[in-house]
>>> print(open('protein.csv').read())   # CSV, C-alpha atoms (C1' of nucleotides)
chain,number,residue,atom,x,y,z
B,8,MET,CA,21.1,-14.9,10.5
B,9,PHE,CA,23.4,-15.6,7.6
B,10,CYS,CA,22.5,-15.4,4.0
B,11,ARG,CA,24.4,-16.7,1.0
B,12,LYS,CA,26.2,-14.3,-1.2
B,13,PHE,CA,23.9,-12.4,-3.6
B,14,ASP,CA,20.9,-14.2,-2.1
B,15,PHE,CA,19.2,-11.2,-0.6
B,16,ASP,CA,19.3,-7.4,-0.8
B,17,LEU,CA,17.3,-5.8,2.0
B,18,ALA,CA,17.3,-2.3,0.7
B,19,ARG,CA,16.3,-3.2,-2.8
B,20,THR,CA,13.6,-5.4,-1.6
B,21,LEU,CA,12.1,-2.8,0.7
B,22,THR,CA,12.3,0.1,-1.7
B,23,SER,CA,10.8,-1.7,-4.7
B,24,GLY,CA,7.2,-0.6,-4.2
B,25,GLN,CA,5.9,-3.7,-2.4
B,26,VAL,CA,5.6,-2.3,1.1
B,27,PHE,CA,5.0,1.3,2.2
B,28,ARG,CA,5.8,1.3,6.0
B,29,TRP,CA,9.5,0.7,6.0
B,30,ARG,CA,12.1,3.5,6.4
B,31,GLU,CA,15.8,3.5,6.3
B,32,VAL,CA,17.1,4.6,9.7
B,33,SER,CA,20.8,4.6,9.2
B,34,VAL,CA,23.4,3.9,6.5
B,35,ALA,CA,26.5,2.1,7.4
B,36,SER,CA,29.6,1.9,5.2
B,37,GLN,CA,28.7,-1.5,3.9
B,38,GLY,CA,25.1,-1.9,4.7
B,39,SER,CA,21.8,-0.4,5.9
B,40,THR,CA,19.2,-0.6,8.6
B,41,PHE,CA,15.5,-0.4,8.0
B,42,SER,CA,12.7,0.0,10.5
B,43,GLY,CA,9.1,-1.2,9.8
B,44,TRP,CA,6.4,-3.6,10.5
B,45,ILE,CA,5.9,-7.4,10.1
B,46,GLY,CA,2.2,-7.9,10.7
B,47,ALA,CA,1.6,-6.3,14.2
B,48,ASN,CA,5.2,-6.4,15.2
B,49,ARG,CA,7.6,-3.5,14.9
B,50,ALA,CA,10.9,-4.7,13.5
B,51,GLU,CA,14.4,-3.4,12.8
B,52,VAL,CA,16.5,-5.3,10.2
B,53,THR,CA,20.1,-4.6,9.4
B,54,GLN,CA,22.1,-6.0,6.5
B,55,GLN,CA,25.9,-5.8,6.7
B,56,GLY,CA,27.3,-7.6,3.7
B,57,GLN,CA,26.0,-11.1,3.9
B,58,GLN,CA,24.9,-10.7,7.5
B,59,VAL,CA,21.3,-10.0,8.4
B,60,THR,CA,20.5,-9.1,12.0
B,61,VAL,CA,17.0,-8.6,13.5
B,62,ARG,CA,15.5,-6.7,16.4
B,63,GLY,CA,11.9,-6.9,17.6
B,64,VAL,CA,10.8,-10.1,15.9
B,65,SER,CA,12.2,-13.6,15.5
B,66,ALA,CA,14.5,-14.6,12.8
B,67,GLU,CA,11.8,-17.0,11.6
B,68,HIS,CA,9.4,-14.2,11.1
B,69,VAL,CA,11.9,-12.2,9.1
B,70,SER,CA,12.9,-15.2,7.1
B,71,HIS,CA,9.3,-15.9,6.2
B,72,PHE,CA,8.4,-12.2,5.5
B,73,PHE,CA,11.3,-11.8,3.1
B,74,ALA,CA,10.8,-15.3,1.6
B,75,LEU,CA,14.4,-16.2,2.3
B,76,ASP,CA,13.3,-19.9,2.0
B,77,SER,CA,12.6,-19.3,-1.7
B,78,ASP,CA,15.5,-20.4,-3.9
B,79,LEU,CA,16.2,-17.1,-5.7
B,80,LYS,CA,19.0,-18.6,-7.8
B,81,GLU,CA,16.7,-21.2,-9.2
B,82,ILE,CA,13.9,-18.6,-9.8
B,83,ALA,CA,16.3,-16.3,-11.5
B,84,ARG,CA,17.5,-19.2,-13.7
B,85,GLN,CA,13.9,-19.9,-14.8
B,86,ILE,CA,12.9,-16.4,-15.6
B,87,ASP,CA,16.1,-15.4,-17.3
B,88,VAL,CA,14.7,-15.8,-20.8
B,89,ASP,CA,15.6,-12.6,-22.7
B,90,PRO,CA,18.1,-9.7,-22.6
B,91,VAL,CA,15.8,-7.2,-20.9
B,92,ILE,CA,15.1,-9.5,-17.9
B,93,HIS,CA,18.7,-10.7,-17.9
B,94,ALA,CA,19.9,-7.1,-17.4
B,95,ALA,CA,17.3,-6.5,-14.7
B,96,LEU,CA,18.3,-9.6,-12.8
B,97,GLN,CA,21.9,-8.5,-12.8
B,98,ARG,CA,21.1,-4.9,-11.8
B,99,TYR,CA,18.7,-5.7,-9.0
B,100,ARG,CA,20.3,-8.9,-7.7
B,101,GLY,CA,18.9,-9.9,-4.3
B,102,LEU,CA,15.5,-8.4,-4.9
B,103,ARG,CA,12.8,-10.7,-3.4
B,104,ILE,CA,9.0,-10.8,-3.3
B,105,ILE,CA,7.8,-10.2,0.2
B,106,ARG,CA,5.0,-12.1,2.0
B,107,GLN,CA,2.8,-9.5,3.6
B,108,ASP,CA,-0.3,-9.6,5.7
B,109,PRO,CA,-3.2,-10.0,3.4
B,110,TRP,CA,-5.4,-7.2,4.9
B,111,GLU,CA,-2.6,-4.6,5.0
B,112,CYS,CA,-1.7,-5.5,1.4
B,113,THR,CA,-5.2,-5.4,0.2
B,114,ALA,CA,-5.9,-2.0,1.8
B,115,SER,CA,-2.6,-0.6,0.7
B,116,PHE,CA,-3.2,-1.5,-3.0
B,117,ILE,CA,-6.8,-0.3,-2.9
B,118,LEU,CA,-5.3,3.0,-1.9
B,119,SER,CA,-2.6,2.8,-4.6
B,120,SER,CA,-5.1,3.2,-7.4
B,121,PHE,CA,-4.6,6.4,-9.5
B,122,ASN,CA,-2.1,7.5,-6.9
B,123,ASN,CA,1.6,8.0,-6.5
B,124,ILE,CA,3.9,6.2,-4.1
B,125,LEU,CA,4.8,9.2,-2.1
B,126,ARG,CA,1.3,10.2,-1.4
B,127,LEU,CA,0.2,6.6,-0.8
B,128,THR,CA,2.9,6.2,1.8
B,129,GLY,CA,1.6,9.3,3.6
B,130,MET,CA,-2.0,8.1,3.5
B,131,ILE,CA,-1.0,4.7,5.0
B,132,GLU,CA,1.0,6.4,7.7
B,133,THR,CA,-1.9,8.7,8.6
B,134,LEU,CA,-4.3,5.8,8.9
B,135,SER,CA,-1.9,3.8,11.1
B,136,LEU,CA,-1.3,6.7,13.5
B,137,ARG,CA,-4.9,7.7,13.7
B,138,PHE,CA,-6.7,4.3,13.8
B,139,GLY,CA,-4.0,1.7,14.5
B,140,ASP,CA,-3.2,0.2,17.9
B,141,GLN,CA,0.3,1.6,18.8
B,142,GLY,CA,0.9,2.7,15.3
B,143,VAL,CA,0.3,-0.8,13.7
B,144,PHE,CA,-1.7,-0.7,10.5
B,145,PRO,CA,-5.4,-0.6,11.5
B,146,ARG,CA,-7.3,-3.8,11.6
B,147,PRO,CA,-10.4,-3.9,9.3
B,148,GLU,CA,-12.7,-3.8,12.4
B,149,ALA,CA,-11.3,-0.4,13.3
B,150,LEU,CA,-11.5,1.1,9.8
B,151,ALA,CA,-15.0,-0.3,9.2
B,152,LYS,CA,-16.2,2.0,12.0
B,153,VAL,CA,-14.6,5.2,10.6
B,154,SER,CA,-17.0,7.4,8.7
B,155,GLU,CA,-16.3,8.1,5.0
B,156,ARG,CA,-16.0,11.8,5.7
B,157,VAL,CA,-13.2,11.2,8.2
B,158,LEU,CA,-11.4,8.9,5.8
B,159,ARG,CA,-11.6,11.6,3.2
B,160,ASN,CA,-10.1,14.0,5.7
B,161,CYS,CA,-7.1,11.6,5.8
B,162,GLY,CA,-6.6,12.5,2.2
B,163,LEU,CA,-8.0,9.3,0.7
B,164,GLY,CA,-10.2,11.2,-1.8
B,165,PHE,CA,-12.5,9.0,-3.9
B,166,ARG,CA,-10.8,5.9,-2.4
B,167,ALA,CA,-12.4,6.5,1.0
B,168,PRO,CA,-15.6,4.6,0.3
B,169,TYR,CA,-13.7,1.7,-1.3
B,170,LEU,CA,-11.5,1.3,1.8
B,171,LYS,CA,-14.4,1.5,4.2
B,172,THR,CA,-16.5,-1.0,2.3
B,173,ALA,CA,-13.5,-3.3,2.0
B,174,ALA,CA,-12.9,-3.1,5.7
B,175,GLN,CA,-16.5,-3.9,6.4
B,176,ALA,CA,-16.4,-6.9,4.1
B,177,VAL,CA,-13.3,-8.3,5.8
B,178,ALA,CA,-14.5,-7.5,9.3
B,179,SER,CA,-17.9,-9.1,8.7
B,180,GLY,CA,-16.3,-12.3,7.3
B,181,SER,CA,-17.9,-12.0,3.9
B,182,ALA,CA,-14.3,-11.6,2.5
B,183,PRO,CA,-12.3,-14.2,4.6
B,184,LEU,CA,-8.8,-13.3,3.7
B,185,GLU,CA,-7.2,-16.1,5.8
B,186,ASP,CA,-9.6,-18.9,4.6
B,187,CYS,CA,-8.8,-17.7,1.1
B,188,ARG,CA,-5.3,-19.2,1.4
B,189,ARG,CA,-6.5,-22.6,0.4
B,190,LEU,CA,-8.0,-21.4,-2.9
B,191,GLU,CA,-6.2,-21.9,-6.2
B,192,ASP,CA,-5.0,-18.8,-8.1
B,193,ASP,CA,-8.1,-18.2,-10.2
B,194,GLU,CA,-10.5,-18.9,-7.4
B,195,LEU,CA,-8.6,-16.6,-5.2
B,196,ARG,CA,-8.7,-13.9,-7.9
B,197,ARG,CA,-12.5,-14.2,-8.3
B,198,SER,CA,-13.0,-14.1,-4.6
B,199,LEU,CA,-10.8,-11.0,-3.9
B,200,CYS,CA,-12.3,-9.1,-6.9
B,201,LYS,CA,-15.6,-9.1,-5.1
B,202,ILE,CA,-14.1,-6.6,-2.7
B,203,PRO,CA,-14.9,-3.0,-3.9
B,204,GLY,CA,-11.8,-1.2,-5.2
B,205,VAL,CA,-10.0,-4.5,-6.0
B,206,GLY,CA,-9.8,-4.8,-9.8
B,207,GLU,CA,-7.6,-6.7,-12.3
B,208,LYS,CA,-4.4,-5.0,-11.3
B,209,VAL,CA,-4.7,-4.7,-7.6
B,210,VAL,CA,-5.8,-8.4,-7.3
B,211,GLU,CA,-2.5,-9.4,-8.9
B,212,CYS,CA,-0.6,-7.4,-6.4
B,213,ILE,CA,-2.4,-9.1,-3.5
B,214,LEU,CA,-1.8,-12.5,-4.9
B,215,LEU,CA,1.9,-11.8,-5.5
B,216,PHE,CA,2.8,-9.8,-2.4
B,217,ALA,CA,0.5,-11.4,0.3
B,218,TYR,CA,-0.3,-14.9,-0.9
B,219,GLY,CA,3.0,-15.9,-2.4
B,220,ARG,CA,1.4,-16.6,-5.8
B,221,ALA,CA,4.5,-16.4,-8.0
B,222,ALA,CA,2.4,-16.6,-11.2
B,223,ALA,CA,0.5,-13.4,-10.5
B,224,PHE,CA,1.6,-10.5,-12.8
B,225,PRO,CA,0.4,-7.0,-12.0
B,226,VAL,CA,0.4,-4.6,-14.9
B,227,ASP,CA,0.5,-1.0,-13.8
B,228,VAL,CA,1.2,2.1,-16.0
B,229,TRP,CA,5.0,1.7,-15.6
B,230,ILE,CA,5.1,-2.0,-16.5
B,231,GLY,CA,2.6,-1.5,-19.3
B,232,ARG,CA,4.5,1.3,-21.0
B,233,SER,CA,7.8,-0.4,-20.7
B,234,MET,CA,6.6,-3.9,-21.8
B,235,ARG,CA,4.9,-2.4,-24.8
B,236,ALA,CA,8.2,-0.8,-25.8
B,237,TRP,CA,10.4,-3.7,-25.0
B,238,TYR,CA,8.3,-6.6,-26.3
B,239,PHE,CA,5.7,-5.2,-28.7
B,240,ARG,CA,7.3,-2.3,-30.6
B,241,ASN,CA,4.8,0.0,-28.9
B,242,ARG,CA,1.9,-1.7,-30.6
B,243,LYS,CA,-1.5,-1.5,-29.0
B,244,VAL,CA,-1.7,-4.4,-26.5
B,245,THR,CA,-4.2,-4.6,-23.6
B,246,ASP,CA,-3.0,-5.2,-20.0
B,247,ARG,CA,-4.6,-8.6,-20.1
B,248,GLN,CA,-2.6,-9.5,-23.2
B,249,LEU,CA,0.5,-8.4,-21.4
B,250,ARG,CA,-0.3,-10.7,-18.5
B,251,GLU,CA,-0.9,-13.6,-20.8
B,252,PHE,CA,2.3,-12.9,-22.6
B,253,ALA,CA,4.3,-12.7,-19.3
B,254,ARG,CA,2.8,-16.0,-18.1
B,255,LYS,CA,3.9,-17.8,-21.2
B,256,HIS,CA,7.2,-16.0,-21.6
B,257,PHE,CA,8.5,-16.1,-18.1
B,258,GLY,CA,6.7,-19.1,-16.7
B,259,PRO,CA,5.4,-19.9,-13.3
B,260,TYR,CA,7.6,-17.3,-11.6
B,261,CYS,CA,6.6,-14.5,-13.8
B,262,GLY,CA,5.6,-12.4,-10.8
B,263,TRP,CA,9.2,-12.3,-9.7
B,264,ALA,CA,10.1,-11.2,-13.2
B,265,GLN,CA,7.5,-8.5,-13.0
B,266,GLN,CA,9.2,-7.0,-9.9
B,267,TYR,CA,12.6,-6.9,-11.6
B,268,LEU,CA,11.0,-5.3,-14.7
B,269,TYR,CA,9.1,-2.8,-12.6
B,270,CYS,CA,12.3,-1.6,-11.0
B,271,THR,CA,13.9,-1.3,-14.4
B,272,ALA,CA,10.8,0.6,-15.8
B,273,ARG,CA,11.0,3.0,-12.8
B,274,SER,CA,14.7,3.5,-12.8
B,275,GLY,CA,15.5,7.2,-13.1
B,276,THR,CA,12.5,8.2,-11.0
B,277,ASN,CA,12.6,8.8,-7.2
B,278,GLU,CA,11.4,5.6,-5.5
A,21,DT,C1',-1.3,26.1,-15.1
A,22,DC,C1',-0.8,21.6,-16.7
A,23,DC,C1',0.5,16.8,-16.1
A,24,DC,C1',0.8,12.6,-13.7
A,25,DA,C1',0.2,9.0,-10.3
A,26,DG,C1',1.8,0.7,-8.9
A,27,DG,C1',-6.8,1.9,-11.3
A,28,DT,C1',-11.6,1.0,-10.6
A,29,DG,C1',-16.5,1.2,-11.7
A,30,DT,C1',-19.7,2.3,-15.0
A,31,DC,C1',-21.7,3.1,-19.3
A,32,DG,C1',-22.3,2.7,-24.4
A,33,DC,C1',-21.3,0.2,-28.4
W,30,DG,C1',-14.8,-7.8,-25.1
W,31,DC,C1',-13.0,-2.7,-25.7
W,32,DG,C1',-12.9,2.6,-25.3
W,33,DA,C1',-14.1,6.7,-22.8
W,34,DC,C1',-14.9,9.0,-18.7
W,35,DA,C1',-15.3,10.5,-13.8
W,36,DC,C1',-13.2,10.0,-9.6
W,37,DA,C1',-9.8,13.6,-5.2
W,38,DT,C1',-5.4,15.2,-4.2
W,39,DG,C1',-0.6,16.8,-4.1
W,40,DG,C1',4.0,17.2,-6.1
W,41,DG,C1',6.9,18.5,-10.0
>>> encode(input="protein.csv", output="structure tokens")
Amino acid sequence: MFCRKFDFDLARTLTSGQVFRWREVSVASQGSTFSGWIGANRAEVTQQGQQVTVRGVSAEHVSHFFALDSDLKEIARQIDVDPVIHAALQRYRGLRIIRQDPWECTASFILSSFNNILRLTGMIETLSLRFGDQGVFPRPEALAKVSERVLRNCGLGFRAPYLKTAAQAVASGSAPLEDCRRLEDDELRRSLCKIPGVGEKVVECILLFAYGRAAAFPVDVWIGRSMRAWYFRNRKVTDRQLREFARKHFGPYCGWAQQYLYCTARSGTNE
DNA sequence: TCCCAGGTGTCGC
DNA sequence: GCGACACATGGG
């Protein structure tokens, strides 16, 4: 596979807090190799300069997963509306929004609540090894059968009942994640928010990272703190107001802006 | 020991 | 609608 210059940065994309099952396996002088999962397939992706090579899955799968069909140059042009985002676009050039499996994304971000990424990564790994087929992230049918006590033993804490009930809802068909694809953004939000553990922030993550809804805008503690400082002189502004502001300020691709701002907000911390 | 983590659900006003 | 609080757990 060949990518245009500055069009895609594999490492930045995979280490920006969208996915939690990819690991860097080797570092070459001019590039890097990551190993992870695309749906139920184990994949290894290497980037050497502008060259991207793939093992384990088709180039089409990889292209879709990393949204290489999205015109990043045009998206960047549209959201480049102020000095803060302008600097972030320069600094994190090639960062893309991934298209994940809806269930894995939903489950992952339910577990992300009041958590940190290091521990979240460990929780997801534990679940995959214990309940997934060949290490793949466990299907909802599998998790629905696991007792709350056992899930707590995996370190999920108070999130255990959320995940179990969510798995039951998806497995039973009362939360049809695939059928949901036809819904418009707000309908999709309302539908997904019925799942226990999915609230105003997590639902934005699912829309953005699994359903390709570029106008979704998750506001977490990092984005919240930073945006209040950058755009509101640290005035009291609710998360909802920040989302409204972002939608007007950055436009229909505000979700992409969010990811660049998130990386900026977190810079200086271990990712 | 204290503080924090890519929040949510619930309650009171 | 907003603010306060509980909720488990591990790392810094």
>>> residues_near_point(input="protein.csv", point="(-13.9, -8.4, -21.2)", cutoff="12 Å", atoms="all atoms listed in the file", output="PDB file with C-alpha atoms (C1' of nucleotides), keeping the file's coordinate frame")
ATOM      1  CA  GLU B 207      -7.600  -6.700 -12.300  1.00  0.00           C
ATOM      2  CA  THR B 245      -4.200  -4.600 -23.600  1.00  0.00           C
ATOM      3  CA  ASP B 246      -3.000  -5.200 -20.000  1.00  0.00           C
ATOM      4  CA  ARG B 247      -4.600  -8.600 -20.100  1.00  0.00           C
ATOM      5  CA  GLN B 248      -2.600  -9.500 -23.200  1.00  0.00           C
TER       6      GLN B 248
ATOM      7  C1'  DG W  30     -14.800  -7.800 -25.100  1.00  0.00           C
ATOM      8  C1'  DC W  31     -13.000  -2.700 -25.700  1.00  0.00           C
ATOM      9  C1'  DG W  32     -12.900   2.600 -25.300  1.00  0.00           C
TER      10       DG W  32
END
>>> residues_around(input="protein.csv", residues="DG39 (chain W)", least_positions_apart="2", cutoff="12 Å", atoms="only C-alpha atoms (C1' of nucleotides)", output="PyMOL selection string")
(chain B and resi 122-127+129-130+162-164) or (chain A and resi 24-25) or (chain W and resi 37+41)
>>> closest_residue(input="protein.csv", among="B:Arg189, B:Arg98, B:Arg106, B:Arg166", to="chain W", atoms="all atoms listed in the file")
B:Arg166
>>> interface_residues(input="protein.csv", of="chain A", to="chain B", cutoff="8 Å", atoms="only C-alpha atoms (C1' of nucleotides)", output="list of chain:residue names")
A:DA25, A:DG26, A:DG27, A:DT28
>>> residues_around(input="protein.csv", residues="Asp186 (chain B)", least_positions_apart="5", cutoff="12 Å", atoms="all atoms listed in the file", output="NGL selection string")
:B and (109 or 177 or 180-181 or 191 or 195 or 198-199 or 218)
